[in-house]
Amino acid sequence: MHKQKKSVIAVAVLAVLIAVGVWTFNRPTEKKVSAPVAVPVQVINVVAEDVPRYVTGIGSVLSLQSVVMRPQVDGILTKLLVKEGQQVKAGDLLATIDDRPIRAALEQAKAQLSQSQAQLDVAEVDLKRYKLLTVDNSISRQQYDQQQALVNQLKATVLGNQASINASQVQLSYTQIRSPVTGRVGIRNVDEGNFLRVSDAIGLFSVTQIDPVSVEFSLPQQMLPTLHDLLASPEPAKVNAYMGDGVTGTLLGEGKLTLIDNQVAATTGTIRAKATFDNAAQKLWPGQLVSVRIQTAIDRNALKVPPQVVLRGIDQHYVYRVKGDKVEVVPVKVLYQTSDLILISGVNVNDVLVSDGQSRLKNGSYIEVVKADPVDTLADATSSGAVK
């Protein structure tokens with residue numbers, strides 16, 4: 001009887017434990033809803049501006065006129081009237097050559113002219129006399145014709161003497177070396193007292209025009225229609241020349257597009273062009289290599305954003321646009337791009353776009369807008385040339 005009572009109690013306890021376990025396993029549990037994690041991002045506003053388009057290339061500075069001063073007559077260099085690096089004007093006397101031998105030849109030619117002229121005067125007087133004598137046949141017609149021939153011969157002699165005088169005067173002018181252009185004197189190769197020859201390969205020095213100058217550069221042949229349009233425009237296209245890179249380099253001068261070559265280089269597929277620059281400050285120097293940037297067009301009221309805003313998808317570009325506390329993916333079309341800006345379509349002015357932190361985003365992600373670190377901002381501005 002006692003054992004039966006214990007068995008009943010054990011069965012009861014076991015039943016209670018099983019019931020508690022079943023209830024614990026099947027009881028409704030309260031689900032914990034976790035709050036969405038906001039992704040920290042930086043944003044910018046889309047702005048509308050008039051943005052000029054540019055094309056860049058590498059060019060070299062050329063002088064419009066550069067002349068090597070060489071002697072045109074043999075002789076001793078008697079005087080150098082200019083210094084190296086001196087600015088001279090067209091017509092300025094630069095140097096003189098010993099002119100005594102040429103002056104002597106000139107005086108001799110003048111004396112011969114005087115002699116021939118005197119002989120011609122006598123012959124013409126005799127010709128007039130012979131003409132009168134032929135009327136009554138006092139002299140033969142043959143004698144008159146001979147005198148006429150003598151007069152003609154002496155006239156030719158006079159002309160030859162005058163030509164000799166002109167030639168000597170030209171040679172005399174060569175003893176004074178004058179500048180044919182306005183420019184800067186280069187390094188001198190010959191000193192006073194040296195004997196100069198016309199056959200000398202090296203000249204005395206060069207005179208090179210510095211202001212204005214031209215810059216010759218090459219562009220891909222695909223730019224040929226654009227260059228034609230720029231030349232046909234009523235206002236010449238602006239061309240800037242830089243030392244170094246065309247964006248962060250030092251601006252050396254602003255010029256105008258003046259010429260494109262008459263053929264495309266078949267080996268390189270490029271077309272040569274020239275621009276002319278006023279160079280009063282002489283920052284551009286003949287032979288110098290420069291970066292050239294040409295303004296080809298202006299986009300009016302273009303939507304401009306920094307390059308890091310636009311992302312590249314599989315088949316299109318897109319941006320993340322802020323909508324409340326979330327972002328949405330917006331496909332865009334890139335119209336023009338440089339190293340510091342992109343012009344796009346597909347968004348609106350003043351739209352807020354994500355500029356940093358896109359790697360953790362997807363369509364509909366929650367965001368938290370944070371400000372850029374001032375130290376990073378300064379570093380970015382310095383690297384892009386905004387801070388100098």
# chains A, B, ... in the order shown; residues from 1 in each chain; ligands from 1
$ residues_around --residues "Tyr130 (chain A)" --least-positions-apart "3" --cutoff "12 Å" --atoms "only C-alpha atoms" --output "mmCIF file with N, CA and C atoms, in the first residue's frame"
data_model
loop_
_atom_site.group_PDB
_atom_site.id
_atom_site.type_symbol
_atom_site.label_atom_id
_atom_site.label_comp_id
_atom_site.auth_asym_id
_atom_site.auth_seq_id
_atom_site.Cartn_x
_atom_site.Cartn_y
_atom_site.Cartn_z
ATOM 1 N N ALA A 123 81.599 112.129 -128.168
ATOM 2 C CA ALA A 123 81.068 111.328 -129.266
ATOM 3 C C ALA A 123 79.721 111.854 -129.733
ATOM 4 N N GLU A 124 78.895 112.328 -128.827
ATOM 5 C CA GLU A 124 77.587 112.861 -129.213
ATOM 6 C C GLU A 124 77.728 114.178 -129.977
ATOM 7 N N VAL A 125 78.732 115.028 -129.588
ATOM 8 C CA VAL A 125 78.971 116.275 -130.321
ATOM 9 C C VAL A 125 79.414 115.959 -131.750
ATOM 10 N N ASP A 126 80.325 114.959 -131.918
ATOM 11 C CA ASP A 126 80.776 114.566 -133.251
ATOM 12 C C ASP A 126 79.631 113.995 -134.074
ATOM 13 N N LEU A 127 78.736 113.255 -133.404
ATOM 14 C CA LEU A 127 77.608 112.668 -134.121
ATOM 15 C C LEU A 127 76.708 113.750 -134.699
ATOM 16 N N LEU A 133 76.925 117.087 -141.897
ATOM 17 C CA LEU A 133 77.784 116.918 -143.075
ATOM 18 C C LEU A 133 77.215 115.912 -144.064
ATOM 19 N N THR A 134 76.365 115.008 -143.568
ATOM 20 C CA THR A 134 75.791 114.022 -144.480
ATOM 21 C C THR A 134 74.732 114.625 -145.391
ATOM 22 N N VAL A 135 74.282 115.854 -145.041
ATOM 23 C CA VAL A 135 73.222 116.462 -145.841
ATOM 24 C C VAL A 135 73.740 116.794 -147.251
ATOM 25 N N ASP A 136 74.976 117.337 -147.308
ATOM 26 C CA ASP A 136 75.543 117.691 -148.626
ATOM 27 C C ASP A 136 76.612 116.686 -149.057
ATOM 28 N N ASN A 137 76.576 115.494 -148.420
ATOM 29 C CA ASN A 137 77.487 114.387 -148.783
ATOM 30 C C ASN A 137 78.956 114.755 -148.585
ATOM 31 N N SER A 138 79.210 115.597 -147.513
ATOM 32 C CA SER A 138 80.604 115.930 -147.219
ATOM 33 C C SER A 138 81.335 114.744 -146.600
ATOM 34 N N ILE A 139 80.609 113.871 -145.897
ATOM 35 C CA ILE A 139 81.180 112.617 -145.383
ATOM 36 C C ILE A 139 80.295 111.478 -145.854
ATOM 37 N N SER A 140 80.867 110.301 -145.805
ATOM 38 C CA SER A 140 80.099 109.125 -146.243
ATOM 39 C C SER A 140 79.087 108.704 -145.181
ATOM 40 N N ARG A 141 78.096 108.029 -145.646
ATOM 41 C CA ARG A 141 77.076 107.497 -144.715
ATOM 42 C C ARG A 141 77.690 106.475 -143.782
ATOM 43 N N GLN A 142 78.679 105.772 -144.246
ATOM 44 C CA GLN A 142 79.341 104.752 -143.412
ATOM 45 C C GLN A 142 80.041 105.403 -142.229
ATOM 46 N N GLN A 143 80.671 106.525 -142.424
ATOM 47 C CA GLN A 143 81.364 107.208 -141.337
ATOM 48 C C GLN A 143 80.370 107.689 -140.279
ATOM 49 N N TYR A 144 79.206 108.156 -140.751
ATOM 50 C CA TYR A 144 78.166 108.586 -139.800
ATOM 51 C C TYR A 144 77.651 107.402 -138.970
ATOM 52 N N ASP A 145 77.443 106.281 -139.632
ATOM 53 C CA ASP A 145 76.940 105.104 -138.913
ATOM 54 C C ASP A 145 77.948 104.603 -137.880
ATOM 55 N N GLN A 146 79.246 104.703 -138.219
ATOM 56 C CA GLN A 146 80.274 104.282 -137.259
ATOM 57 C C GLN A 146 80.262 105.178 -136.017
ATOM 58 N N GLN A 147 80.055 106.473 -136.260
ATOM 59 C CA GLN A 147 79.995 107.389 -135.111
ATOM 60 C C GLN A 147 78.768 107.110 -134.256
ATOM 61 N N GLN A 148 77.659 106.777 -134.890
ATOM 62 C CA GLN A 148 76.452 106.416 -134.137
ATOM 63 C C GLN A 148 76.686 105.182 -133.289
#
$ closest_atom_pairs --of "region 282-324 of chain A" --to "region 252-273 of chain A" --cutoff "12 Å" --atoms "only C-alpha atoms" --output "CSV"
residue,atom,partner,partner_atom,distance
A:Gln282,CA,A:Leu252,CA,8.9
A:Lys283,CA,A:Leu252,CA,5.7
A:Leu284,CA,A:Leu252,CA,6.4
A:Trp285,CA,A:Leu252,CA,9.9
A:Gln288,CA,A:Leu252,CA,11.1
A:Leu289,CA,A:Leu252,CA,11.3
A:Val290,CA,A:Leu252,CA,8.7
A:Ser291,CA,A:Leu252,CA,9.7
A:Val292,CA,A:Glu254,CA,9.9
A:Arg293,CA,A:Glu254,CA,9.7
A:Ile294,CA,A:Leu257,CA,8.3
A:Gln295,CA,A:Leu257,CA,10.0
A:Thr296,CA,A:Leu257,CA,10.8
$ select_by_dssp --residues "region 25-266 of chain A" --states "alpha helix (DSSP H)" --output "MDAnalysis selection string"
chainID A and resid 25:26 100:133 141:173 224:232
$ closest_residue --among "A:Gln112, A:Gln42, A:Gln358, A:Asn301" --to "Leu343 (chain A)" --atoms "only C-alpha atoms"
A:Asn301
$ atom_distance --atom1 "CA of Ile177 (chain A)" --atom2 "CA of Ile76 (chain A)"
12.7 Å
$ residues_around --residues "Glu84 (chain A)" --least-positions-apart "2" --cutoff "9 Å" --atoms "only C-alpha atoms" --output "list in words"
Val82, Gln86, Gln87, Arg184, Val185, Gly186, Ile187, Arg188 and Phe205 of chain A
$ write_last_selection --atoms "C-alpha atoms" --output "short mmCIF file (atom, residue, chain, number, x, y, z; two decimals), in the first residue's frame"
data_model
loop_
_atom_site.label_atom_id
_atom_site.label_comp_id
_atom_site.auth_asym_id
_atom_site.auth_seq_id
_atom_site.Cartn_x
_atom_site.Cartn_y
_atom_site.Cartn_z
CA VAL A 82 75.04 95.64 -78.82
CA GLN A 86 69.89 93.40 -75.26
CA GLN A 87 66.53 94.34 -76.73
CA ARG A 184 66.41 90.02 -78.16
CA VAL A 185 70.10 89.52 -78.94
CA GLY A 186 71.40 86.04 -78.20
CA ILE A 187 74.84 84.79 -77.12
CA ARG A 188 77.72 86.30 -79.16
CA PHE A 205 74.65 86.03 -82.89
#
$ residues_around --residues "Lys326 (chain A)" --least-positions-apart "4" --cutoff "9 Å" --atoms "only C-alpha atoms" --output "list in words"
Ala38, Arg321, Val322, Asn363, Gly364, Ser365, Tyr366, Ile367 and Glu368 of chain A
$ atom_distance --atom1 "CA of Val122 (chain A)" --atom2 "CA of Leu150 (chain A)"
10.5 Å
$ atom_distance --atom1 "CA of Gly160 (chain A)" --atom2 "CA of Gln115 (chain A)"
12.3 Å
$ closest_residue --among "A:Asn152, A:Val47, A:Leu106, A:Arg129" --to "Ser345 (chain A)" --atoms "only C-alpha atoms"
A:Val47
$ residues_around --residues "Gln162 (chain A)" --least-positions-apart "4" --cutoff "9 Å" --atoms "only C-alpha atoms" --output "list in words"
Ala109, Lys110, Leu113, Thr157, Val158, Asn166 and Ala167 of chain A
$ residues_around --residues "Gln117 (chain A)" --least-positions-apart "3" --cutoff "8 Å" --atoms "only C-alpha atoms" --output "list in words"
Leu113, Ser114, Leu120, Asp121, Leu154, Lys155 and Val158 of chain A
